[in-house]
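Since the structure comes first, as structure tokens, the remarks are kept for the end.
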Amino acid sequence: MTHSAQDPSTPTTHLIDTDGGVQAVARKLATLPRIALDTEFHAERRYYPELMLLQVASPSGEVWIADPRQCDLRPLIHAISTREVLVHAGQEDMAILHREAETAPADVIDIQIAAGLVGLGYPARLGHICEVLLHQPIDKGETLSDWSQRPLTSQQLHYAAQDVRILLTLHEVLIERLRTHGRLAWAMEASADLVRHSIHSRKIKHKWLDWDIAPSFDVETRRTLQAIFEWRDARGRDKDQPPHYMLGDGIALDIARRRPRSIDELKTNRRIPAGLIRRYGPEIISVVNENDLMDLDLIEVPSNEQRQLAHTLEIWAKIQEPVTGLAAKLIMPRPVALAVAQQGIDAISGWRTSAIGGPLNAFLSGNTSIKMGPNGLQIG
């Protein structure tokens, strides 16, 4: 454990680069009621983001910056998982912890979610939240820094420490606002949902479902697209590369529509690179030929009518945001809007039912509507 250069008036920042240092910090955390957590990672050209630093702050403002390239962080992550943890936009942080040590904290408050429940918008940048609540700008100059370099610079260490230390101050202010509005339980439940989603959500991203032309695809095109996207996801995971590196969306759609049964048929699209055909042609043809034999649970494609209703629900949530202080993209993100469009009011549960269940049911039932008022669109 080593110490970075420090202003005597500020809490200490420790750089942890030994297994002994990790174990000492893990023991220290067991004595703390809550901690703040942040990570630095590189996601570019990778299937999973690669952890570069793990930062933890105590209520006193003391910060430990642990280096996963120098030591085993699992004891520290296990200690973190037993504490109340503060994060900002922590979905990727939670996913990283779980991949590193197969555990993640259950007791989490996400500052970004809390801000979205008290009128600060969502998703709000950490700098914006600091400026609004603390009237204090923070230095974001190292946001795109190369965190893989060693040794780390003093500027990098300062940036890594400030981002996690400030969460504790923001927590105090936001908790008071949440209590005043009676929304603390919502923030806690929404943050717990974030952790569960981070750990258990399906990694495969079927982006084709969002394409405007998706409702027009026949069953065989949908089945083939789903199979191709699942194949390229598995291939990307094996090679630690983004799935679209294996096969671009446009070529995937062409293959799903034509369903070539041989390499020669695959080659008839001149835009498919020869190198791709050489490396993956036989596998692609196998996916096309065998996908109808696979045990695929076909994904439902929202109809045009359902997409239009989902868009209307997003507008409905946006109109109410200035009045309620509930961020539209938090209470009615696109997946939730689509689920409501497909399933009705039963698609929401938990904190969303408490937050918007009544007004949403009134809107879906036709008892309220969107209309033009003196100051623009309003619900009436």
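Ordered as shown in the structure tokens, chains take letters A, B, and onward, while each chain numbers its residues from 1 and ligands are numbered from 1 in the order shown.
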
For Arg165 in chain A: contacts at 12 Å, only C-alpha atoms, fewer than 5 positions along chain excluded, given as a ChimeraX atom specification: /A:10-13,35-38,55-65,86-88,126,130,138,158-160,170-171

Create the file for the chosen residues now, containing C-alpha atoms and written as an mmCIF file, in the first residue's frame.
```
data_model
loop_
_atom_site.group_PDB
_atom_site.id
_atom_site.type_symbol
_atom_site.label_atom_id
_atom_site.label_comp_id
_atom_site.auth_asym_id
_atom_site.auth_seq_id
_atom_site.Cartn_x
_atom_site.Cartn_y
_atom_site.Cartn_z
ATOM 1 C CA THR A 10 -7.919 16.755 2.327
ATOM 2 C CA PRO A 11 -8.490 13.088 3.218
ATOM 3 C CA THR A 12 -5.848 10.603 2.165
ATOM 4 C CA THR A 13 -5.845 8.697 -1.104
ATOM 5 C CA ILE A 35 -18.927 3.144 1.218
ATOM 6 C CA ALA A 36 -18.862 4.769 -2.211
ATOM 7 C CA LEU A 37 -17.695 2.802 -5.232
ATOM 8 C CA ASP A 38 -16.463 3.626 -8.721
ATOM 9 C CA GLN A 55 -12.044 2.977 -6.190
ATOM 10 C CA VAL A 56 -13.639 2.882 -2.741
ATOM 11 C CA ALA A 57 -14.294 5.840 -0.427
ATOM 12 C CA SER A 58 -15.176 5.874 3.272
ATOM 13 C CA PRO A 59 -17.625 8.308 4.948
ATOM 14 C CA SER A 60 -14.593 10.287 6.149
ATOM 15 C CA GLY A 61 -13.528 10.843 2.529
ATOM 16 C CA GLU A 62 -10.565 8.482 2.645
ATOM 17 C CA VAL A 63 -10.104 6.768 -0.730
ATOM 18 C CA TRP A 64 -8.482 3.495 -1.740
ATOM 19 C CA ILE A 65 -7.614 2.986 -5.408
ATOM 20 C CA LEU A 86 -23.159 4.292 -3.254
ATOM 21 C CA VAL A 87 -22.582 4.427 -7.014
ATOM 22 C CA HIS A 88 -23.310 6.714 -9.933
ATOM 23 C CA LEU A 126 -22.110 13.359 -12.259
ATOM 24 C CA CYS A 130 -22.626 18.295 -8.467
ATOM 25 C CA ILE A 138 -15.665 18.658 -10.904
ATOM 26 C CA HIS A 158 -6.855 12.772 -8.442
ATOM 27 C CA TYR A 159 -9.649 12.201 -10.963
ATOM 28 C CA ALA A 160 -10.268 8.631 -9.791
ATOM 29 C CA LEU A 170 -24.180 13.912 -2.834
ATOM 30 C CA HIS A 171 -25.773 11.041 -0.931
#
```

Hey, what's within 10 Å of Leu377 in chain A if we count only C-alpha atoms and toss same-chain stuff fewer than 4 positions away? As an mmCIF file with C-alpha atoms, in the first residue's frame, please?
```cif
data_model
loop_
_atom_site.group_PDB
_atom_site.id
_atom_site.type_symbol
_atom_site.label_atom_id
_atom_site.label_comp_id
_atom_site.auth_asym_id
_atom_site.auth_seq_id
_atom_site.Cartn_x
_atom_site.Cartn_y
_atom_site.Cartn_z
ATOM 1 C CA ILE A 315 -44.254 11.584 -24.606
ATOM 2 C CA TRP A 316 -46.811 11.188 -21.784
ATOM 3 C CA LYS A 318 -42.002 13.593 -20.658
ATOM 4 C CA ILE A 319 -44.955 15.983 -20.336
ATOM 5 C CA GLN A 320 -45.315 15.156 -16.649
ATOM 6 C CA ILE A 370 -52.583 14.623 -24.084
ATOM 7 C CA LYS A 371 -53.811 18.040 -25.176
ATOM 8 C CA MET A 372 -52.428 21.424 -26.101
ATOM 9 C CA GLY A 373 -52.500 23.954 -23.281
#
```

Enumerate, as a VMD selection string, the complete set of residues in range 88-252 of chain A that a backbone-based DSSP assignment places in helix (DSSP H, G or I). chain A and resid 91 to 101 111 to 116 126 to 134 154 to 181 184 to 200 207 to 210 214 to 216 219 to 239 243 to 246 249 to 252

Pick out the closest residue to Ile16 in chain A from this set: A:Arg222, A:Arg235, A:Arg69, A:Arg279. Count only C-alpha atoms.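 Of A:Arg222, A:Arg235, A:Arg69, A:Arg279, the one nearest Ile16 in chain A, counting only C-alpha atoms, is A:Arg69.
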
Determine, counting only C-alpha atoms, which protein, DNA and RNA residues have an atom within 10 Å of an atom of Val288 in chain A; residues of the same chain fewer than 4 positions away are not included. Present the result as a ChimeraX atom specification. /A:223-225,227-228,255-256,258-262,282-284,292
